[in-house]
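Next comes my_file-v1.cif, with mmCIF, C-alpha atoms and all ligand atoms.
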```cif
data_coords
loop_
_atom_site.label_atom_id
_atom_site.label_comp_id
_atom_site.auth_asym_id
_atom_site.auth_seq_id
_atom_site.Cartn_x
_atom_site.Cartn_y
_atom_site.Cartn_z
CA MET A 1 0.00 0.00 0.00
CA HIS A 2 1.08 3.54 -0.55
CA LYS A 3 2.58 5.40 2.32
CA ILE A 4 0.95 8.65 3.22
CA GLN A 5 3.14 11.51 2.11
CA GLU A 6 3.70 14.70 3.96
CA HIS A 7 1.33 17.28 2.59
CA ASN A 8 2.34 20.81 1.93
CA ILE A 9 -0.84 22.27 3.31
CA PHE A 10 0.00 25.65 4.72
CA MET A 11 -1.73 26.30 7.93
CA GLU A 12 0.10 29.51 8.66
CA SER A 13 -2.28 32.34 8.66
CA THR A 14 -1.07 35.64 7.34
CA ASN A 15 -3.08 38.76 7.39
CA GLN A 16 -1.77 39.81 4.03
CA THR A 17 -4.46 40.46 1.48
CA LEU A 18 -4.12 39.78 -2.23
CA GLY A 19 -4.21 43.51 -2.91
CA GLU A 20 -1.29 44.12 -0.52
CA PHE A 21 0.60 41.15 -1.93
CA ILE A 22 0.27 42.43 -5.49
CA ILE A 23 1.60 45.86 -4.54
CA GLU A 24 4.43 44.41 -2.48
CA ASN A 25 5.57 42.14 -5.31
CA GLN A 26 5.04 44.51 -8.19
CA GLU A 27 8.76 45.04 -8.80
CA GLU A 28 9.21 41.35 -9.55
CA PHE A 29 7.58 41.86 -12.93
CA GLN A 30 10.11 42.28 -15.63
CA TYR A 31 8.53 45.31 -17.25
CA SER A 32 6.82 46.65 -14.18
CA SER A 33 4.62 49.62 -14.85
CA GLY A 34 1.74 48.66 -12.61
CA GLU A 35 -0.24 47.45 -15.62
CA LEU A 36 0.07 43.76 -14.82
CA SER A 37 -0.85 44.45 -11.19
CA ARG A 38 -3.98 46.28 -12.29
CA LEU A 39 -4.81 43.43 -14.61
CA ILE A 40 -4.56 40.82 -11.85
CA ASN A 41 -6.66 43.13 -9.70
CA SER A 42 -9.37 43.15 -12.35
CA ILE A 43 -9.33 39.37 -12.55
CA ARG A 44 -9.65 39.26 -8.77
CA LEU A 45 -12.72 41.47 -8.98
CA ALA A 46 -14.39 39.52 -11.78
CA ALA A 47 -13.70 36.29 -9.89
CA LYS A 48 -15.56 37.65 -6.88
CA VAL A 49 -18.61 38.39 -9.02
CA VAL A 50 -18.51 34.94 -10.61
CA ASN A 51 -18.00 33.35 -7.20
CA HIS A 52 -21.12 35.05 -5.90
CA GLU A 53 -23.13 33.75 -8.84
CA VAL A 54 -21.70 30.22 -8.64
CA ASN A 55 -22.55 30.05 -4.95
CA LYS A 56 -26.16 30.93 -5.45
CA ALA A 57 -26.48 28.56 -8.40
CA GLY A 58 -28.69 26.21 -6.45
CA LEU A 59 -31.02 28.96 -5.34
CA VAL A 60 -32.02 30.79 -8.46
CA ASP A 61 -33.05 29.88 -11.93
CA ILE A 62 -29.56 29.95 -13.25
CA LEU A 63 -28.89 26.26 -13.57
CA GLY A 64 -29.05 24.36 -16.79
CA SER A 65 -28.34 24.95 -20.39
CA ILE A 66 -29.22 28.00 -22.42
CA GLY A 67 -29.66 25.80 -25.45
CA SER A 68 -26.82 27.18 -27.56
CA ASP A 69 -23.52 25.53 -28.38
CA ASN A 70 -20.11 27.15 -28.28
CA ILE A 71 -17.58 27.02 -31.12
CA GLN A 72 -16.55 23.50 -30.18
CA GLY A 73 -20.11 22.21 -30.32
CA GLU A 74 -20.38 21.82 -26.57
CA GLU A 75 -23.49 22.80 -24.76
CA GLN A 76 -23.00 26.09 -22.95
CA GLN A 77 -24.33 26.32 -19.45
CA LYS A 78 -25.88 29.57 -18.26
CA LEU A 79 -23.12 30.11 -15.77
CA ASP A 80 -20.52 29.63 -18.52
CA VAL A 81 -22.07 32.53 -20.33
CA PHE A 82 -22.32 34.61 -17.18
CA ALA A 83 -18.68 33.98 -16.27
CA ASN A 84 -17.52 34.67 -19.81
CA ASP A 85 -19.45 37.96 -19.95
CA THR A 86 -18.25 39.01 -16.50
CA PHE A 87 -14.57 38.51 -17.24
CA ILE A 88 -14.78 40.12 -20.65
CA ARG A 89 -16.80 43.07 -19.37
CA THR A 90 -14.51 43.69 -16.40
CA LEU A 91 -11.34 43.55 -18.47
CA THR A 92 -12.85 45.62 -21.27
CA ASN A 93 -14.43 48.34 -19.13
CA ARG A 94 -11.25 48.90 -17.21
CA GLU A 95 -9.27 49.17 -20.44
CA ILE A 96 -6.65 47.01 -18.88
CA VAL A 97 -5.74 44.69 -21.78
CA CYS A 98 -5.57 45.04 -25.54
CA GLY A 99 -7.09 41.68 -26.37
CA ILE A 100 -8.93 38.71 -24.91
CA ALA A 101 -9.38 35.16 -26.16
CA SER A 102 -11.87 32.95 -24.41
CA GLU A 103 -12.66 29.27 -24.64
CA GLU A 104 -16.27 30.33 -25.06
CA GLU A 105 -15.67 32.72 -27.97
CA ASP A 106 -15.18 31.80 -31.62
CA SER A 107 -12.36 34.26 -32.13
CA PHE A 108 -10.23 36.67 -30.12
CA ILE A 109 -11.52 40.11 -29.12
CA ASN A 110 -9.66 43.30 -29.93
CA ILE A 111 -10.22 45.94 -27.25
CA LYS A 112 -10.35 49.47 -28.45
CA GLY A 113 -9.68 52.42 -26.16
CA LEU A 114 -12.69 54.66 -25.60
CA LYS A 115 -10.93 58.00 -25.65
CA LYS A 116 -7.56 57.20 -27.21
CA GLU A 117 -5.74 54.27 -28.78
CA ASN A 118 -5.50 51.25 -26.52
CA GLU A 119 -1.87 51.33 -25.40
CA ASN A 120 -2.04 48.29 -23.17
CA LYS A 121 0.60 45.62 -23.54
CA TYR A 122 -1.13 42.50 -22.36
CA VAL A 123 -3.50 39.94 -23.80
CA VAL A 124 -5.50 37.55 -21.64
CA LEU A 125 -6.64 34.05 -22.52
CA ILE A 126 -9.32 32.63 -20.34
CA ASP A 127 -11.42 29.57 -19.65
CA PRO A 128 -14.15 31.41 -17.72
CA LEU A 129 -15.79 28.38 -16.13
CA ASP A 130 -13.93 25.14 -16.45
CA GLY A 131 -15.66 21.90 -15.53
CA SER A 132 -19.05 23.54 -15.93
CA SER A 133 -20.80 20.22 -16.46
CA ASN A 134 -20.27 19.82 -12.70
CA ILE A 135 -22.33 22.86 -11.70
CA ASP A 136 -25.69 21.14 -11.70
CA VAL A 137 -24.45 18.62 -9.16
CA ASN A 138 -22.79 21.07 -6.78
CA VAL A 139 -19.24 20.04 -7.59
CA SER A 140 -16.33 22.51 -7.69
CA VAL A 141 -15.63 24.42 -10.87
CA GLY A 142 -12.93 26.93 -11.73
CA THR A 143 -11.66 29.76 -13.89
CA ILE A 144 -8.28 29.56 -15.62
CA PHE A 145 -6.38 32.55 -17.00
CA SER A 146 -3.16 33.15 -18.87
CA ILE A 147 -1.43 36.46 -19.63
CA TYR A 148 1.08 37.34 -22.38
CA ARG A 149 2.72 40.49 -23.64
CA ARG A 150 1.51 41.22 -27.13
CA VAL A 151 4.05 40.69 -29.92
CA THR A 152 2.54 43.14 -32.43
CA PRO A 153 3.10 46.89 -32.00
CA ILE A 154 1.38 48.65 -29.11
CA GLY A 155 -1.48 50.88 -30.23
CA THR A 156 -2.45 48.69 -33.21
CA PRO A 157 -5.31 46.15 -33.24
CA VAL A 158 -4.25 42.81 -31.79
CA LYS A 159 -3.66 39.92 -34.17
CA GLU A 160 -3.91 36.16 -33.80
CA GLU A 161 -0.15 35.93 -33.35
CA ASP A 162 -0.48 37.85 -30.07
CA PHE A 163 -2.40 34.87 -28.73
CA LEU A 164 -0.59 32.01 -30.49
CA GLN A 165 2.52 32.23 -28.34
CA PRO A 166 4.16 29.24 -26.69
CA GLY A 167 3.37 28.88 -23.00
CA ASN A 168 6.96 29.68 -22.05
CA LYS A 169 6.18 33.29 -22.96
CA GLN A 170 3.45 33.65 -20.32
CA VAL A 171 4.03 36.50 -17.88
CA ALA A 172 1.38 35.31 -15.46
CA ALA A 173 -1.19 32.55 -15.10
CA GLY A 174 -3.62 31.46 -12.48
CA TYR A 175 -6.86 29.82 -11.55
CA ILE A 176 -9.75 30.37 -9.24
CA VAL A 177 -11.33 27.33 -7.66
CA TYR A 178 -14.92 27.77 -6.51
CA GLY A 179 -14.83 24.98 -3.97
CA THR A 180 -15.64 24.51 -0.32
CA SER A 181 -13.85 27.81 -0.13
CA THR A 182 -12.94 30.03 -3.04
CA MET A 183 -9.26 30.33 -3.79
CA LEU A 184 -7.24 32.31 -6.28
CA VAL A 185 -3.87 30.75 -7.10
CA TYR A 186 -1.44 32.47 -9.43
CA THR A 187 2.12 32.90 -10.56
CA THR A 188 4.05 35.66 -12.27
CA GLY A 189 7.06 33.40 -12.71
CA HIS A 190 8.26 33.83 -9.13
CA GLY A 191 6.64 30.86 -7.44
CA VAL A 192 2.99 30.12 -6.80
CA ASN A 193 0.83 31.70 -4.14
CA GLY A 194 -2.72 30.89 -3.09
CA PHE A 195 -5.29 33.27 -1.60
CA THR A 196 -8.52 32.28 0.09
CA LEU A 197 -11.60 34.46 -0.15
CA ASN A 198 -13.21 35.56 3.07
CA PRO A 199 -16.77 35.82 1.75
CA ALA A 200 -17.95 37.90 4.69
CA ILE A 201 -15.83 40.85 3.63
CA GLY A 202 -15.01 39.93 0.05
CA THR A 203 -11.24 39.95 0.58
CA TYR A 204 -8.68 37.34 -0.48
CA TYR A 205 -6.02 36.50 2.10
CA LEU A 206 -2.69 34.83 1.47
CA SER A 207 -3.37 31.36 2.81
CA HIS A 208 -0.96 29.20 0.78
CA PRO A 209 2.37 31.02 0.30
CA ASN A 210 4.94 29.46 -2.02
CA MET A 211 2.93 26.40 -3.01
CA LYS A 212 4.93 23.36 -4.11
CA PHE A 213 4.00 20.06 -5.71
CA PRO A 214 5.45 17.20 -3.66
CA GLU A 215 8.18 15.74 -5.86
CA ASP A 216 6.40 12.39 -5.87
CA GLY A 217 2.81 11.50 -5.10
CA TYR A 218 0.29 8.71 -4.75
CA ILE A 219 -2.80 10.04 -6.52
CA TYR A 220 -3.60 9.52 -10.20
CA SER A 221 -6.45 11.39 -11.84
CA VAL A 222 -7.78 10.22 -15.17
CA ASN A 223 -11.14 9.44 -16.73
CA GLN A 224 -10.69 5.69 -16.60
CA GLY A 225 -13.95 5.20 -18.46
CA ASN A 226 -11.89 5.91 -21.56
CA PHE A 227 -9.42 3.10 -20.77
CA SER A 228 -10.30 1.00 -23.83
CA GLN A 229 -9.56 4.04 -26.02
CA PHE A 230 -6.15 4.85 -24.55
CA ASN A 231 -2.96 3.83 -26.31
CA GLU A 232 -0.83 1.01 -24.90
CA GLY A 233 1.64 3.29 -23.09
CA VAL A 234 -1.12 5.03 -21.13
CA LYS A 235 -2.80 1.72 -20.35
CA LYS A 236 0.47 0.33 -19.02
CA TYR A 237 1.12 3.40 -16.91
CA ILE A 238 -2.36 3.13 -15.38
CA GLN A 239 -1.68 -0.55 -14.64
CA TYR A 240 1.61 0.52 -13.03
CA CYS A 241 -0.35 2.96 -10.81
CA GLN A 242 -2.65 0.11 -9.80
CA ALA A 243 0.05 -2.52 -9.20
CA ASP A 244 0.54 -3.85 -5.69
CA GLU A 245 4.26 -3.09 -5.53
CA ASP A 246 6.55 -0.69 -3.69
CA ASN A 247 4.38 2.17 -2.47
CA ARG A 248 1.54 1.32 -4.84
CA PRO A 249 -1.33 0.94 -5.68
CA TYR A 250 -1.90 4.66 -5.88
CA THR A 251 -5.23 6.23 -5.08
CA ALA A 252 -7.52 7.17 -7.98
CA ARG A 253 -9.21 10.56 -7.66
CA TYR A 254 -11.02 12.19 -10.55
CA ILE A 255 -13.44 15.04 -10.06
CA GLY A 256 -13.74 15.87 -13.75
CA SER A 257 -12.94 19.51 -12.99
CA LEU A 258 -9.36 20.18 -14.05
CA VAL A 259 -8.85 23.06 -11.63
CA SER A 260 -10.02 21.02 -8.65
CA ASP A 261 -8.12 17.89 -9.64
CA PHE A 262 -4.96 19.93 -10.22
CA HIS A 263 -5.38 21.87 -6.97
CA ARG A 264 -5.71 18.70 -4.90
CA ASN A 265 -2.77 17.07 -6.63
CA MET A 266 -0.58 20.12 -6.07
CA ILE A 267 -1.33 20.02 -2.37
CA LYS A 268 -1.19 16.27 -1.86
CA GLY A 269 1.05 15.03 -4.68
CA GLY A 270 -0.35 13.41 -7.78
CA ILE A 271 -0.67 13.31 -11.54
CA TYR A 272 -3.53 14.52 -13.73
CA MET A 273 -3.88 12.96 -17.18
CA TYR A 274 -6.06 13.65 -20.17
CA PRO A 275 -4.46 11.44 -22.83
CA SER A 276 -5.46 11.11 -26.45
CA THR A 277 -8.31 8.70 -27.06
CA LYS A 278 -9.60 7.06 -30.23
CA SER A 279 -12.42 9.59 -30.43
CA ASN A 280 -10.24 12.57 -29.36
CA PRO A 281 -6.79 11.92 -30.85
CA ASN A 282 -5.48 15.19 -29.38
CA GLY A 283 -7.12 14.71 -26.02
CA LYS A 284 -9.82 17.05 -24.80
CA LEU A 285 -8.07 19.93 -23.10
CA ARG A 286 -7.18 23.17 -24.85
CA LEU A 287 -3.55 24.14 -25.04
CA LEU A 288 -4.06 27.89 -24.70
CA TYR A 289 -6.87 28.13 -22.16
CA GLU A 290 -6.19 25.14 -19.94
CA CYS A 291 -2.87 23.35 -20.46
CA ASN A 292 -0.45 26.28 -20.77
CA PRO A 293 -1.60 28.17 -17.68
CA MET A 294 -1.74 24.97 -15.59
CA ALA A 295 1.69 23.92 -16.93
CA PHE A 296 3.19 27.29 -15.98
CA ILE A 297 1.77 27.04 -12.47
CA ALA A 298 2.89 23.40 -12.20
CA GLU A 299 6.48 24.21 -13.17
CA GLN A 300 6.57 27.22 -10.88
CA ALA A 301 5.49 24.88 -8.09
CA GLY A 302 8.26 22.37 -8.90
CA GLY A 303 5.96 20.06 -10.89
CA LYS A 304 5.98 19.08 -14.55
CA ALA A 305 3.60 19.20 -17.53
CA SER A 306 3.97 17.28 -20.75
CA ASP A 307 1.92 16.07 -23.71
CA GLY A 308 3.54 12.70 -23.12
CA LYS A 309 6.73 13.57 -24.99
CA THR A 310 7.16 17.33 -25.18
CA ARG A 311 7.13 20.00 -22.50
CA ILE A 312 3.71 21.69 -22.77
CA LEU A 313 5.24 25.17 -22.47
CA ASP A 314 7.44 24.57 -25.54
CA ILE A 315 4.62 23.68 -27.93
CA ASP A 316 4.13 26.25 -30.69
CA PRO A 317 0.39 26.78 -30.98
CA THR A 318 -1.16 26.83 -34.43
CA GLU A 319 -4.76 27.60 -33.58
CA LEU A 320 -6.72 29.25 -30.79
CA HIS A 321 -8.80 26.25 -29.80
CA GLN A 322 -6.06 23.65 -30.26
CA ARG A 323 -6.18 20.58 -28.03
CA VAL A 324 -3.29 18.53 -26.66
CA PRO A 325 -2.88 15.41 -24.52
CA PHE A 326 -2.01 16.52 -20.99
CA PHE A 327 0.04 14.89 -18.22
CA CYS A 328 0.67 17.19 -15.31
CA GLY A 329 1.64 16.99 -11.68
CA SER A 330 4.37 15.80 -9.36
CA LYS A 331 7.61 15.66 -11.32
CA LYS A 332 8.53 12.05 -10.63
CA MET A 333 5.06 10.84 -11.58
CA VAL A 334 5.07 12.70 -14.90
CA ASP A 335 8.59 11.43 -15.60
CA LYS A 336 7.36 7.88 -15.02
CA ALA A 337 4.31 8.36 -17.26
CA GLU A 338 6.61 9.67 -20.02
CA GLU A 339 8.80 6.56 -19.67
CA PHE A 340 5.81 4.36 -20.43
CA LEU A 341 4.73 6.54 -23.33
CA LYS A 342 8.21 6.51 -24.83
CA GLU A 343 8.20 2.72 -24.99
CA GLU A 344 5.47 2.76 -27.60
P1 LIG A 401 -14.75 22.12 -20.13
O1 LIG A 401 -13.78 23.25 -20.36
O2 LIG A 401 -15.72 21.97 -21.25
O3 LIG A 401 -15.40 22.22 -18.79
O4 LIG A 401 -13.91 20.76 -20.20
C1 LIG A 401 -12.76 20.62 -19.45
C2 LIG A 401 -13.00 19.63 -18.35
C3 LIG A 401 -11.90 19.56 -17.36
O5 LIG A 401 -12.11 20.43 -16.29
C4 LIG A 401 -12.00 18.13 -16.89
O6 LIG A 401 -10.82 17.68 -16.32
C5 LIG A 401 -12.36 17.42 -18.14
O7 LIG A 401 -13.05 18.34 -18.95
C6 LIG A 401 -13.25 16.26 -17.89
O8 LIG A 401 -13.55 15.62 -19.08
P2 LIG A 401 -14.22 14.18 -19.10
O9 LIG A 401 -15.61 14.35 -18.61
O10 LIG A 401 -14.14 13.73 -20.52
O11 LIG A 401 -13.40 13.30 -18.19
MG MG A 402 -12.38 24.19 -19.84
#
```

Structure translated into structure tokens:
Amino acid sequence: MHKIQEHNIFMESTNQTLGEFIIENQEEFQYSSGELSRLINSIRLAAKVVNHEVNKAGLVDILGSIGSDNIQGEEQQKLDVFANDTFIRTLTNREIVCGIASEEEDSFINIKGLKKENENKYVVLIDPLDGSSNIDVNVSVGTIFSIYRRVTPIGTPVKEEDFLQPGNKQVAAGYIVYGTSTMLVYTTGHGVNGFTLNPAIGTYYLSHPNMKFPEDGYIYSVNQGNFSQFNEGVKKYIQYCQADEDNRPYTARYIGSLVSDFHRNMIKGGIYMYPSTKSNPNGKLRLLYECNPMAFIAEQAGGKASDGKTRILDIDPTELHQRVPFFCGSKKMVDKAEEFLKEE
């Protein structure tokens, strides 16, 4: 049986708020002008609004589908639309970015300045409500965001190439998990910090400073219902996880909400996998909205993210809604999964 690992759950309580933390760490940003800080502040605000709505989902007529499909033919839930609108509206009204791409939008959005040219440097890519099929059953969902500096000239309309950058060019990335408590976790390339929302006063407090993936873990998270559709390497790795040897079998935990599965694995040690399947040869998850930001956070927390062979952050994207197989988590576990995949 597996031995219980030491968790890196941080019980220290600090009184530092997210707002204070952002100001204090502003100089860490390479091109600090306060713009990135204001951008993260806007995301923090939008996340509070979405959190409020998610939490009353069971009370009001907000559950269920609105009967339209998004670009990828998936049914959009009402809260998906609400979260998408909230993030886009907040970032647009505050004129804080020059462009936004969202998992829920067909194409990217160019943000024009109201009074003068938009001189902002950053573009945001967002999955406004990830795992939304879980909302109806009161299971945690999340928001994922990723921030890049534009590559086209400031003051001109953004182009697709501003969004199609490899993940190693991200300047910040984060997620919000709307769980038993609401947390915002983010990185600007200087480690990963987690903030918990105190709903009574609407303030996030630094609750998980310097989060780290345990180097090894004992949890594997995969939709095992797809087992018959996985390739041999993935099947063998899953069998390895289940074998009664050394410190195995591992524990299987799969919420079906990437943010929540990732968050648990980062705290306890584990691997999340969404491999290619016969019906989805590139897996299900989107490189730009889901895999890159999670990979950046994972690496900043000492973990690893791979498509099975290549580092996620080194993949050159070719389209906005591109999908890739995803293996992410404790470094030793991802290394092991790659070993099995290489043998193919
Ligand atoms: P979504 O962006 O449409 O919500 O899909 C992404 C979600 C992930 O959060 C989750 O890990 C995965 O899809 C679950 O997929 P499946 O139900 O195929 O296991
Ligand atoms: Mg998603």

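Taking only C-alpha atoms and all ligand atoms into account, ligand MG 402 (chain A) has within 8 Å the residues Glu103, Asp127, Pro128, Leu129, Asp130, Gly131, Ser132, Ile144, Leu258, Leu285, Arg286, Tyr289 and Glu290 of chain A.
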
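Using all atoms listed in the file, the shortest contact distance between Leu341 (chain A) and any of A:Ile315, A:Val234, A:Ile154, A:Ala295 is found at A:Val234.
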
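In this structure, CA of Gly191 (chain A) sits 9.6 Å away from CA of Ala298 (chain A).
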
Against ligand LIG 401 (chain A), which residues of chain A fall within 10 Å? For each one I want the closest pair of atoms and the distance in Å (one decimal), counting all atoms listed in the file, rows by chain and increasing residue number, as CSV.
```
residue,atom,partner,partner_atom,distance
A:Asn70,CA,A:LIG401,O2,9.8
A:Gln72,CA,A:LIG401,O2,9.1
A:Glu74,CA,A:LIG401,O2,7.1
A:Glu75,CA,A:LIG401,O2,8.6
A:Gln76,CA,A:LIG401,O2,8.5
A:Gln77,CA,A:LIG401,O2,9.8
A:Asp80,CA,A:LIG401,O3,9.0
A:Glu103,CA,A:LIG401,O1,7.5
A:Glu104,CA,A:LIG401,O1,8.9
A:Asp127,CA,A:LIG401,O1,6.8
A:Pro128,CA,A:LIG401,O1,8.6
A:Leu129,CA,A:LIG401,O3,6.7
A:Asp130,CA,A:LIG401,O3,4.0
A:Gly131,CA,A:LIG401,O3,3.3
A:Ser132,CA,A:LIG401,O3,4.8
A:Ser133,CA,A:LIG401,O3,6.2
A:Asn134,CA,A:LIG401,O3,8.2
A:Ile135,CA,A:LIG401,O3,9.9
A:Ser140,CA,A:LIG401,O5,9.8
A:Val141,CA,A:LIG401,O5,7.6
A:Gly142,CA,A:LIG401,O5,8.0
A:Thr143,CA,A:LIG401,O1,9.4
A:Ile144,CA,A:LIG401,O1,9.6
A:Ser221,CA,A:LIG401,O6,8.9
A:Val222,CA,A:LIG401,O11,7.1
A:Asn223,CA,A:LIG401,O11,4.7
A:Gln224,CA,A:LIG401,O11,8.2
A:Gly225,CA,A:LIG401,O11,8.1
A:Asn226,CA,A:LIG401,O10,8.2
A:Tyr254,CA,A:LIG401,O6,8.0
A:Ile255,CA,A:LIG401,O6,7.3
A:Gly256,CA,A:LIG401,C6,4.2
A:Ser257,CA,A:LIG401,O5,3.5
A:Leu258,CA,A:LIG401,O5,3.6
A:Val259,CA,A:LIG401,O5,6.3
A:Ser260,CA,A:LIG401,O5,7.9
A:Asp261,CA,A:LIG401,O6,7.2
A:Phe262,CA,A:LIG401,O6,8.8
A:Tyr272,CA,A:LIG401,O6,8.4
A:Met273,CA,A:LIG401,O6,8.4
A:Tyr274,CA,A:LIG401,O6,7.3
A:Asn280,CA,A:LIG401,O10,9.7
A:Gly283,CA,A:LIG401,O10,9.0
A:Lys284,CA,A:LIG401,O7,6.8
A:Leu285,CA,A:LIG401,C1,6.0
A:Arg286,CA,A:LIG401,O1,8.0
A:Tyr289,CA,A:LIG401,O1,8.6
A:Glu290,CA,A:LIG401,O1,7.8
```

Next item on the list: Around the point (-18.1, 38.0, -10.1) in the file's coordinates, collect all residues with an atom within 12 Å, using all atoms listed in the file, and return them as number ranges by chain.
Entry: A: 42-56, 79, 82-90, 128-129, 143, 176, 178, 182, 202

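When all atoms listed in the file are used to compute distances to Thr188 (chain A), the closest of the residues A:Glu95, A:Glu161, A:Glu27, A:Glu232 turns out to be A:Glu27.
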
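Nearest-residue note for Tyr148 (chain A): choosing from A:Tyr186, A:Tyr240, A:Phe163, A:Tyr250, the minimum distance belongs to A:Phe163, counting all atoms listed in the file.
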
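One distance worth recording is that between CA of Gln239 (chain A) and CA of Phe340 (chain A), which is 10.7 Å.
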
Item checked: region 203-216 of chain A surroundings by only C-alpha atoms, 7 Å radius, close-in-sequence under 6 positions cut, as number ranges by chain -> A: 10, 13-18, 191-197, 266-269, 301-303, 330-333

In the coordinate frame of the file, compute which residues have an atom within 6 Å of (2.6, 32.1, -17.4) when using all atoms listed in the file, and state them as a PDB file with C-alpha atoms, keeping the file's coordinate frame.
```pdb
ATOM      1  CA  GLN A 170       3.450  33.650 -20.320  1.00  0.00           C
ATOM      2  CA  VAL A 171       4.030  36.500 -17.880  1.00  0.00           C
ATOM      3  CA  ALA A 172       1.380  35.310 -15.460  1.00  0.00           C
ATOM      4  CA  ALA A 173      -1.190  32.550 -15.100  1.00  0.00           C
ATOM      5  CA  PRO A 293      -1.600  28.170 -17.680  1.00  0.00           C
ATOM      6  CA  PHE A 296       3.190  27.290 -15.980  1.00  0.00           C
TER       7      PHE A 296
END
```

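Shortest atom-to-atom contact with Ile111 (chain A) among A:Thr251, A:Thr156, A:Asn138, A:Thr310: A:Thr156, counting only C-alpha atoms.
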
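Computed from the coordinates, the CA of Val123 (chain A) to CA of Glu160 (chain A) distance equals 10.7 Å.
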
Notebook entry, point to check: So which residues touch Phe145 (chain A) within 6 Å, counting all atoms listed in the file, skipping near sequence neighbours fewer than 3 positions away, as number ranges by chain?
Noted result: A: 125-126, 173-174

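Restricting the calculation to all atoms listed in the file, the smallest distance between Lys278 (chain A) and any of A:Gln322, A:Ser228, A:Ile297, A:Arg311 is found for A:Ser228.
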
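Remark: for Ala57 (chain A), the closest of the candidate residues A:Phe108, A:Gly233, A:Asp136, A:Arg94 is A:Asp136 (distances computed over only C-alpha atoms).
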